[in-house]
Amino acid sequence: MLTGIVFWVLAVIAVATGVAVFRVDSMARATYALAASFIAVGLVLLLVDLEFLGVITVLMMTMEMAVMGIYMIMFMGMNPALMPMDMVHGKRPALAVAIGTFVVLAAGALLIPWPTRRGAPAADLVTSLGEAVMESKMLVMMTVSPVLFATIVAALVLALPKGRYDRLGDDLRGTDMRAGKAPR
């Protein structure tokens, strides 16, 4: 009973924040809405005992949204929270493509005969799923975290116009240029 209620609350949050991505007027709000939607989906996956996929969804999408925010500031030279924007360009063609895609996918799901199960499911579905997904990609997954971290650090270094010691002027032992007083 409680699981069903939590599922529907998370589903409503996921859909509402997914819609908000296209309704808000700034990139920062769209980024936070998209992150909230993915986190709600990840929590639903955790709720239905897909721990591996749920944790990966929450971790990867949270990191992806952080990287996206940094790149917005770095490459676009803007304050994404204040700059108004429209997330949908070419609204009529986009609507036509969205409806066409939905019709094709729904027709495929309803009209194509589904295969019958062969064999029995594995004793530990989570472990078998993790091995199936990660076996050949383990090296890639092990390098993703340090690469993302290095990307964030590099983006911040490139995005910041001044370093932490620029307030001291050319002489690091000089006076604090902002306050007019000698550093400690």
# chains A, B, ... in the order shown; residues from 1 in each chain; ligands from 1
call {"tool": "residues_around", "arguments": {"residues": "Val126 in chain A", "least_positions_apart": "4", "cutoff": "10 Å", "atoms": "only C-alpha atoms", "output": "list in words"}}
result
Asp49, Leu50, Glu51, Phe52, Leu53, Ala122, Gly130, Glu131 and Ala132 of chain A
call {"tool": "write_last_selection", "arguments": {"atoms": "N, CA and C atoms", "output": "PDB file, in the first residue's frame"}}
result
ATOM      1  N   ASP A  49      13.049  -2.465  -6.642  1.00  0.00           N
ATOM      2  CA  ASP A  49      14.162  -3.383  -6.395  1.00  0.00           C
ATOM      3  C   ASP A  49      15.140  -3.511  -7.558  1.00  0.00           C
ATOM      4  N   LEU A  50      15.324  -2.450  -8.320  1.00  0.00           N
ATOM      5  CA  LEU A  50      16.370  -2.406  -9.339  1.00  0.00           C
ATOM      6  C   LEU A  50      17.462  -1.476  -8.820  1.00  0.00           C
ATOM      7  N   GLU A  51      18.147  -1.951  -7.774  1.00  0.00           N
ATOM      8  CA  GLU A  51      19.092  -1.108  -7.050  1.00  0.00           C
ATOM      9  C   GLU A  51      20.200  -0.579  -7.948  1.00  0.00           C
ATOM     10  N   PHE A  52      20.771  -1.459  -8.739  1.00  0.00           N
ATOM     11  CA  PHE A  52      21.893  -1.057  -9.601  1.00  0.00           C
ATOM     12  C   PHE A  52      21.479   0.062 -10.551  1.00  0.00           C
ATOM     13  N   LEU A  53      20.400  -0.145 -11.286  1.00  0.00           N
ATOM     14  CA  LEU A  53      19.948   0.870 -12.245  1.00  0.00           C
ATOM     15  C   LEU A  53      19.497   2.146 -11.545  1.00  0.00           C
ATOM     16  N   ALA A 122      17.384 -15.694 -13.694  1.00  0.00           N
ATOM     17  CA  ALA A 122      18.529 -15.954 -12.826  1.00  0.00           C
ATOM     18  C   ALA A 122      18.100 -15.875 -11.369  1.00  0.00           C
ATOM     19  N   GLY A 130      23.782  -6.529 -13.514  1.00  0.00           N
ATOM     20  CA  GLY A 130      25.030  -5.776 -13.389  1.00  0.00           C
ATOM     21  C   GLY A 130      26.142  -6.379 -14.220  1.00  0.00           C
ATOM     22  N   GLU A 131      26.260  -7.696 -14.203  1.00  0.00           N
ATOM     23  CA  GLU A 131      27.281  -8.355 -15.010  1.00  0.00           C
ATOM     24  C   GLU A 131      27.011  -8.179 -16.498  1.00  0.00           C
ATOM     25  N   ALA A 132      25.748  -8.274 -16.887  1.00  0.00           N
ATOM     26  CA  ALA A 132      25.404  -8.120 -18.302  1.00  0.00           C
ATOM     27  C   ALA A 132      25.700  -6.705 -18.796  1.00  0.00           C
TER      28      ALA A 132
END
call {"tool": "residues_around", "arguments": {"residues": "Thr17 in chain A", "least_positions_apart": "6", "cutoff": "8 Å", "atoms": "only C-alpha atoms", "output": "NGL selection string"}}
result
:A and (33-34 or 36-37)
call {"tool": "residues_around", "arguments": {"residues": "range 40-46 of chain A", "least_positions_apart": "4", "cutoff": "9 Å", "atoms": "only C-alpha atoms", "output": "JSON, numbers by chain"}}
result
{"A": [6, 7, 10, 11, 12, 13, 14, 35, 36, 50, 51, 52, 53, 54, 55, 56, 57, 58, 59]}
call {"tool": "atom_distance", "arguments": {"atom1": "CA of Thr127 in chain A", "atom2": "CA of Met65 in chain A"}}
result
27.8 Å
call {"tool": "atom_distance", "arguments": {"atom1": "CA of Met27 in chain A", "atom2": "CA of Gly100 in chain A"}}
result
27.1 Å
call {"tool": "select_by_dssp", "arguments": {"residues": "range 19-148 of chain A", "states": "helix (DSSP H, G or I)", "output": "PyMOL selection string"}}
result
chain A and resi 19-23+27-47+51-76+91-111+125-148
call {"tool": "atom_distance", "arguments": {"atom1": "CA of Val104 in chain A", "atom2": "CA of Met61 in chain A"}}
result
27.4 Å
